[in-house]
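Undergrad: My file is model.csv. It has CSV, C-alpha atoms:
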chain,number,residue,atom,x,y,z
N,1,MET,CA,0.0,0.0,0.0
N,2,SER,CA,1.3,3.4,-1.0
N,3,TYR,CA,0.6,6.4,1.4
N,4,ALA,CA,0.8,10.1,0.7
N,5,VAL,CA,0.8,10.9,4.4
N,6,GLU,CA,1.7,8.9,7.4
N,7,THR,CA,1.7,10.2,11.0
N,8,GLU,CA,2.7,8.5,14.2
N,9,ASN,CA,1.6,9.9,17.5
N,10,LEU,CA,1.7,13.4,16.1
N,11,THR,CA,1.2,15.9,18.9
N,12,LYS,CA,1.1,19.7,19.3
N,13,ALA,CA,0.9,21.5,22.6
N,14,PHE,CA,0.7,25.3,23.2
N,15,ASN,CA,1.7,26.4,26.7
N,16,GLY,CA,0.5,23.1,28.2
N,17,PHE,CA,-2.7,22.9,26.2
N,18,ILE,CA,-2.7,19.9,23.9
N,19,ALA,CA,-4.4,20.8,20.6
N,20,VAL,CA,-3.5,17.6,18.8
N,21,ASN,CA,-2.9,14.5,20.9
N,22,GLY,CA,-1.1,11.4,19.5
N,23,VAL,CA,-2.7,11.3,16.1
N,24,SER,CA,-1.7,8.3,13.9
N,25,ILE,CA,-3.2,8.1,10.4
N,26,ARG,CA,-2.4,7.0,6.9
N,27,VAL,CA,-3.7,8.7,3.8
N,28,ARG,CA,-3.8,6.4,0.7
N,29,ARG,CA,-2.3,7.9,-2.5
N,30,GLY,CA,-5.0,8.9,-5.0
N,31,SER,CA,-7.8,9.0,-2.5
N,32,ILE,CA,-10.0,11.7,-0.8
N,33,PHE,CA,-9.3,11.6,2.9
N,34,GLY,CA,-11.8,13.5,5.1
N,35,LEU,CA,-11.0,15.0,8.5
N,36,LEU,CA,-14.3,15.6,10.3
N,37,GLY,CA,-14.8,17.3,13.6
N,38,PRO,CA,-16.3,20.4,15.3
N,39,ASN,CA,-14.5,23.7,15.5
N,40,GLY,CA,-11.7,23.3,18.0
N,41,ALA,CA,-11.2,19.6,17.4
N,42,GLY,CA,-7.6,20.1,16.2
N,43,LYS,CA,-8.1,19.6,12.5
N,44,SER,CA,-6.4,22.9,11.4
N,45,THR,CA,-3.5,22.4,13.8
N,46,PHE,CA,-3.0,18.9,12.5
N,47,LEU,CA,-2.9,20.3,8.9
N,48,ARG,CA,-0.5,23.0,9.8
N,49,MET,CA,1.9,20.4,11.1
N,50,ILE,CA,1.8,18.3,8.0
N,51,CYS,CA,2.1,21.4,5.8
N,52,THR,CA,5.3,22.4,7.8
N,53,LEU,CA,3.7,25.6,9.2
N,54,LEU,CA,3.9,24.3,12.8
N,55,ARG,CA,6.6,22.1,14.3
N,56,PRO,CA,5.2,19.1,16.1
N,57,THR,CA,5.8,18.9,19.8
N,58,ALA,CA,6.1,15.1,19.6
N,59,GLY,CA,5.6,12.3,17.1
N,60,ARG,CA,6.4,12.4,13.4
N,61,ALA,CA,4.8,13.0,10.0
N,62,ILE,CA,5.9,11.8,6.6
N,63,VAL,CA,4.4,13.6,3.6
N,64,GLU,CA,5.1,12.2,0.1
N,65,GLY,CA,8.1,10.3,1.5
N,66,HIS,CA,9.6,13.4,3.3
N,67,ASP,CA,9.8,14.1,7.0
N,68,VAL,CA,8.1,17.4,7.8
N,69,VAL,CA,10.8,18.4,10.3
N,70,ARG,CA,13.9,17.3,8.5
N,71,GLU,CA,12.8,18.0,4.9
N,72,PRO,CA,10.3,20.8,5.0
N,73,ASN,CA,11.3,22.2,1.6
N,74,GLU,CA,10.7,18.9,-0.1
N,75,VAL,CA,7.3,18.6,1.6
N,76,ARG,CA,6.3,22.1,0.4
N,77,LYS,CA,7.1,21.2,-3.2
N,78,ALA,CA,4.8,18.2,-3.1
N,79,ILE,CA,1.7,19.9,-1.6
N,80,GLY,CA,-0.8,22.5,-2.6
N,81,VAL,CA,-2.6,24.1,0.3
N,82,VAL,CA,-5.9,25.9,0.4
N,83,GLN,CA,-6.3,27.4,3.8
N,84,GLU,CA,-9.6,28.6,5.2
N,85,LYS,CA,-8.3,32.2,4.9
N,86,LEU,CA,-8.0,33.3,1.2
N,87,LEU,CA,-4.4,33.8,0.1
N,88,LEU,CA,-5.1,36.3,-2.7
N,89,TYR,CA,-4.4,39.9,-3.2
N,90,PRO,CA,-7.6,41.9,-3.9
N,91,VAL,CA,-5.9,44.7,-5.8
N,92,LEU,CA,-4.3,42.4,-8.3
N,93,THR,CA,-6.2,40.8,-11.1
N,94,ALA,CA,-6.9,37.0,-11.3
N,95,GLN,CA,-4.1,36.6,-13.8
N,96,GLU,CA,-1.6,38.7,-11.7
N,97,ASN,CA,-2.4,36.6,-8.6
N,98,LEU,CA,-1.7,33.3,-10.3
N,99,GLU,CA,1.5,34.7,-11.9
N,100,LEU,CA,2.7,35.9,-8.5
N,101,PHE,CA,2.1,32.6,-6.8
N,102,GLY,CA,3.5,30.7,-9.8
N,103,ARG,CA,6.8,32.6,-9.4
N,104,LEU,CA,6.8,31.9,-5.6
N,105,TYR,CA,6.3,28.2,-6.4
N,106,GLY,CA,9.1,28.3,-8.9
N,107,VAL,CA,7.1,27.8,-12.1
N,108,PRO,CA,9.3,28.5,-15.1
N,109,GLU,CA,8.4,31.7,-17.0
N,110,SER,CA,8.2,29.7,-20.2
N,111,GLU,CA,5.3,27.7,-18.8
N,112,MET,CA,3.6,30.5,-16.8
N,113,ARG,CA,1.3,31.9,-19.4
N,114,HIS,CA,0.0,28.5,-20.5
N,115,LYS,CA,-0.5,27.3,-17.0
N,116,VAL,CA,-2.4,30.4,-15.9
N,117,ARG,CA,-4.7,30.2,-18.9
N,118,GLU,CA,-5.3,26.5,-18.5
N,119,LEU,CA,-6.3,26.9,-14.8
N,120,LEU,CA,-8.5,30.0,-15.3
N,121,GLU,CA,-10.3,28.4,-18.2
N,122,GLU,CA,-10.8,25.3,-16.1
N,123,VAL,CA,-12.6,27.2,-13.4
N,124,LYS,CA,-14.5,29.5,-15.8
N,125,LEU,CA,-12.5,32.6,-14.9
N,126,TRP,CA,-10.5,33.3,-18.0
N,127,GLY,CA,-13.1,35.9,-19.0
N,128,PHE,CA,-12.4,37.7,-15.7
N,129,ARG,CA,-8.6,37.5,-15.9
N,130,ASP,CA,-8.1,41.2,-16.0
N,131,LYS,CA,-10.5,42.0,-13.2
N,132,PRO,CA,-9.3,42.9,-9.7
N,133,VAL,CA,-10.0,39.9,-7.4
N,134,GLY,CA,-11.5,42.4,-4.9
N,135,THR,CA,-14.5,42.7,-7.3
N,136,PHE,CA,-15.1,38.9,-7.3
N,137,SER,CA,-17.9,37.1,-5.5
N,138,SER,CA,-16.9,34.8,-2.7
N,139,GLY,CA,-17.5,31.8,-4.9
N,140,MET,CA,-15.2,33.2,-7.6
N,141,ARG,CA,-12.5,34.0,-5.1
N,142,GLN,CA,-12.6,30.5,-3.8
N,143,ARG,CA,-12.3,29.0,-7.3
N,144,LEU,CA,-9.3,31.2,-7.9
N,145,ASN,CA,-7.9,30.3,-4.4
N,146,ILE,CA,-8.1,26.6,-5.2
N,147,VAL,CA,-6.3,26.8,-8.6
N,148,ARG,CA,-3.7,29.0,-7.0
N,149,ALA,CA,-2.6,26.0,-5.0
N,150,LEU,CA,-2.3,23.9,-8.2
N,151,MET,CA,0.1,26.2,-10.1
N,152,HIS,CA,3.1,24.0,-9.3
N,153,ASP,CA,1.4,20.6,-10.1
N,154,PRO,CA,1.4,19.3,-6.5
N,155,ARG,CA,0.8,15.6,-5.8
N,156,LEU,CA,-1.2,16.2,-2.6
N,157,VAL,CA,-3.9,18.9,-2.3
N,158,ILE,CA,-5.0,20.0,1.2
N,159,LEU,CA,-8.2,21.9,1.7
N,160,ASP,CA,-9.1,23.4,5.1
N,161,GLU,CA,-12.9,24.0,5.3
N,162,PRO,CA,-13.1,24.8,1.6
N,163,THR,CA,-16.9,25.4,1.5
N,164,ASN,CA,-17.1,27.4,4.7
N,165,ALA,CA,-19.4,30.5,4.2
N,166,LEU,CA,-20.1,29.8,0.5
N,167,ASP,CA,-23.5,29.9,-1.2
N,168,PRO,CA,-25.0,26.6,-2.1
N,169,GLN,CA,-24.1,26.9,-5.8
N,170,SER,CA,-20.4,27.5,-4.9
N,171,VAL,CA,-20.5,24.7,-2.4
N,172,ARG,CA,-21.6,22.3,-5.1
N,173,TRP,CA,-18.9,23.5,-7.5
N,174,VAL,CA,-16.1,23.0,-4.8
N,175,ARG,CA,-17.3,19.5,-4.0
N,176,ASP,CA,-17.5,18.5,-7.7
N,177,TYR,CA,-14.0,20.0,-8.3
N,178,VAL,CA,-12.5,18.0,-5.4
N,179,LYS,CA,-13.8,14.8,-7.0
N,180,LYS,CA,-12.2,15.9,-10.3
N,181,LEU,CA,-8.9,16.3,-8.6
N,182,LYS,CA,-9.1,12.7,-7.3
N,183,GLU,CA,-10.0,11.5,-10.8
N,184,ARG,CA,-6.8,13.0,-12.1
N,185,GLY,CA,-4.9,10.8,-9.6
N,186,LEU,CA,-4.2,13.5,-7.0
N,187,THR,CA,-4.5,12.8,-3.3
N,188,VAL,CA,-6.8,15.2,-1.5
N,189,ILE,CA,-7.3,15.9,2.2
N,190,VAL,CA,-10.4,17.8,3.1
N,191,THR,CA,-11.2,19.1,6.6
N,192,THR,CA,-14.8,19.9,7.4
N,193,HIS,CA,-17.4,20.1,10.2
N,194,ASP,CA,-20.2,19.4,7.7
N,195,MET,CA,-21.1,15.7,8.1
N,196,HIS,CA,-22.9,15.6,4.8
N,197,GLU,CA,-19.9,16.9,3.0
N,198,ALA,CA,-17.7,14.3,4.7
N,199,GLU,CA,-20.1,11.6,3.6
N,200,GLU,CA,-20.2,12.7,0.0
N,201,LEU,CA,-16.5,13.3,-0.5
N,202,SER,CA,-14.5,10.9,1.7
N,203,GLU,CA,-13.3,7.5,0.9
N,204,ASP,CA,-11.5,7.3,4.2
N,205,LEU,CA,-12.4,9.4,7.2
N,206,ALA,CA,-10.8,10.4,10.5
N,207,ILE,CA,-13.2,11.7,13.1
N,208,MET,CA,-11.6,14.2,15.5
N,209,ASP,CA,-12.7,15.7,18.8
N,210,ARG,CA,-10.8,17.6,21.4
N,211,GLY,CA,-7.4,16.8,19.8
N,212,HIS,CA,-7.9,13.1,19.5
N,213,VAL,CA,-8.8,10.9,16.5
N,214,LEU,CA,-11.8,8.9,17.8
N,215,GLU,CA,-12.0,6.7,14.8
N,216,VAL,CA,-10.4,6.4,11.3
N,217,GLY,CA,-11.1,4.1,8.4
N,218,PRO,CA,-13.0,3.7,5.1
N,219,VAL,CA,-16.4,5.3,5.4
N,220,GLN,CA,-18.4,2.2,4.6
N,221,GLU,CA,-16.5,0.2,7.1
N,222,LEU,CA,-17.1,2.8,9.8
N,223,LYS,CA,-20.8,2.8,9.1
N,224,SER,CA,-20.9,-1.0,9.2
N,225,LYS,CA,-18.9,-1.1,12.5
N,226,TYR,CA,-21.3,1.3,14.3
N,227,ASN,CA,-24.4,-0.1,12.6
N,228,ALA,CA,-25.0,3.4,11.2
N,229,HIS,CA,-26.8,4.6,8.1
N,230,THR,CA,-24.8,7.8,7.8
N,231,VAL,CA,-21.6,9.5,8.8
N,232,GLU,CA,-23.7,11.7,11.1
N,233,ASP,CA,-24.9,8.6,12.9
N,234,VAL,CA,-21.3,7.4,13.4
N,235,PHE,CA,-20.3,10.8,14.6
N,236,LEU,CA,-23.1,11.0,17.1
N,237,LYS,CA,-22.4,7.6,18.5
N,238,LEU,CA,-18.7,8.3,18.8
N,239,THR,CA,-19.2,11.6,20.6
N,240,GLY,CA,-21.9,10.3,23.0
N,241,ARG,CA,-21.0,11.2,26.6
N,242,GLU,CA,-20.7,7.6,27.8
N,243,LEU,CA,-18.4,6.5,25.0
N,244,ARG,CA,-16.3,9.7,25.3
N,245,ASP,CA,-15.7,9.1,29.0
N,246,GLU,CA,-14.7,5.5,28.2
N,247,LEU,CA,-12.3,6.6,25.5
N,248,SER,CA,-10.8,9.2,27.9
N,249,GLY,CA,-10.1,6.4,30.4
N,250,ARG,CA,-8.4,4.3,27.8
N,251,ILE,CA,-6.2,7.2,26.6
N,252,SER,CA,-5.2,8.0,30.2
N,253,ALA,CA,-4.3,4.4,30.8
N,254,LYS,CA,-2.0,4.3,27.8
N,255,GLY,CA,-0.2,7.4,29.0
N,256,TRP,CA,-1.2,9.6,26.1
N,257,ARG,CA,-2.0,12.5,28.4
Kindly return the structure encoded in the file as structure tokens.
TA:
Amino acid sequence: MSYAVETENLTKAFNGFIAVNGVSIRVRRGSIFGLLGPNGAGKSTFLRMICTLLRPTAGRAIVEGHDVVREPNEVRKAIGVVQEKLLLYPVLTAQENLELFGRLYGVPESEMRHKVRELLEEVKLWGFRDKPVGTFSSGMRQRLNIVRALMHDPRLVILDEPTNALDPQSVRWVRDYVKKLKERGLTVIVTTHDMHEAEELSEDLAIMDRGHVLEVGPVQELKSKYNAHTVEDVFLKLTGRELRDELSGRISAKGWR
């Protein structure tokens, strides 16, 4: 089995507060991996560690064969990251934004114009290439934000809450585009607190709460294991008070805290 991401007991603490606690997961190459949990579950902190933006307190992470601590530059070359906050300059045009990030990613100038046009046409923004991004709707900005992360042809695409605060039409577009990325052979990690989105997109799913991964595995296997019809049912069973207390006891017994 070939994995795009492997973590072992990955942990991050801030002044004694453990935001991510002993997370061990494997993300299969060419799959869509969902990371589901409420706000504050530790999803974004986990992503920042595998993106090399935060140094782990303990544990290790291997991304596309490279250690995030020892080989951060190699990791960054292999990944495209779409953070919840837009990484776009509103006073620049769509084309200027992509060219700027293309240069930051090291895209050769000889390939730049073709790459920019290809991506803008793909997301139906070529006709708006000379318009300042500050005039775009939120859905248009998110489309541009996603292809910004594809300028250097990454093998792994990471999207942190990509449909947050979007209108229903834009949400539909983002979800369909995530599926297209998978069809091209890319590996995609998506964080969400939307259970229906997790169900629709994910082949494998990790359910997080309070810094822990409560369960991880193929979606269909998780539903079968918990005799559940939906991911929402699995989530509700996992985060029930009785089960959570039991899990906390197991974690303490293993010395994870």
Undergrad: Could you tell me how far CA of Val234 in chain N lies from CA of Gly42 in chain N, in Å and to one decimal?
TA: 18.9 Å
Undergrad: Out of N:Val75, N:Val82, N:Val23, N:Val133, which residue has the shortest atom-to-atom distance to Asn97 in chain N when counting all atoms listed in the file?
TA: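 Distance minimum relative to Asn97 in chain N lands on N:Val133.
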Undergrad: From the set N:Leu236, N:Val69, N:Glu6, N:Thr57, which residue has the shortest atom-to-atom contact distance to Met195 in chain N, counting all atoms listed in the file?
TA: N:Leu236
Undergrad: Pick out the closest residue to Val81 in chain N from this set: N:Thr230, N:Thr191, N:Asn21, N:Asn9. Count all atoms listed in the file.
TA: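 So, comparing all the options, the nearest one is N:Thr191.
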Undergrad: Suppose you want the space between CA of Met112 in chain N and CA of Pro154 in chain N; what is it in Å?
TA: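 Separation of CA of Met112 in chain N and CA of Pro154 in chain N: 15.4 Å.
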